[in-house]
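Peer 1: Structure incoming, see below.
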Amino acid sequence: MPTPYGSRGGMAFGADELRVLRRALANALHPTPLPEDDVQDCLRLAGAVDEAVSEAGRLRAFLLADLARYREALPGSLPGYLELLQDALAAGYDPRPDDLAALRALRAGPVAAALLERCQVLAERSVRARLAGRAVSVTAPAQRTRLLALPGGLVAAKEPERPAAPSRPAPPSRPAAPGERPMPKPSEVFPPRRRPAPPPEERAAS
């Protein structure tokens, strides 16, 4: 089973594991059907690598926990704290303000002074990276969705106006044939209604 090696994320493989890894890489470069035994070896190696990665994460967590305990026990734990801090920095640890404060109090020693200078450089670099990332996220223009399908929007503005359909002329009136009765007018079909005469009482009063 591969095991974590050191505090920098390294991993140690055995001879049998290296042979399996070599066959897997060769098959990735030149794909060919693998025997069932080789497939099972690759699956077992993949599971072992996952376990080793998890173990490396646990070791890192233990290292940071020990570093915090040694920092709280200063100045009596000075040798162990400086050694653990160096291991944590080698593993990519970002020094905290507590580490900088502890090293400033211990900078009379040459090792602590050198670590203080190194931690200050790493802390400034980390702050600049965070500020740069925040500035990029703030100044980046938001992508706006163009509403092209709304009436009166860009599509309507760009779409050429369709020419109006020409109006059809009214059909000419056909003259009546000889002996054919002409079409009656509406006034002839529907004569105007006469106003009814007022009742006798109203005529007498007038």
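How things are named: the first chain in the structure tokens is A, the next is B, and so on; residues count from 1 in each chain; ligands count from 1 in the order shown.
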I'd like the neighbourhood of Cys119 in chain A as a PyMOL selection string, where a residue qualifies if any of its atoms comes within 12 Å (using only C-alpha atoms), though same-chain residues fewer than 2 positions away should be ignored.
Peer 2: chain A and resi 82+85-86+88-90+92-104+112-117+121-126
Peer 1: Near Arg69 in chain A, counting only C-alpha atoms, which residues have an atom at most 12 Å away, once you skip same-chain residues fewer than 3 positions from it, shown as JSON, numbers by chain?
Peer 2: {"A": [62, 63, 64, 65, 66, 72, 73, 74, 75, 76, 77, 78, 80, 81, 84, 85, 99]}
Peer 1: Taking into account only C-alpha atoms, which residue in the set A:Arg60, A:Cys42, A:Ala129, A:Thr3 is nearest to Ala28 in chain A?
Peer 2: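 Smallest distance to Ala28 in chain A is found for A:Cys42.
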Peer 1: Closest to Val49 in chain A among A:Ala108, A:Leu25, A:Glu17, A:Arg128, using only C-alpha atoms?
Peer 2: A:Glu17
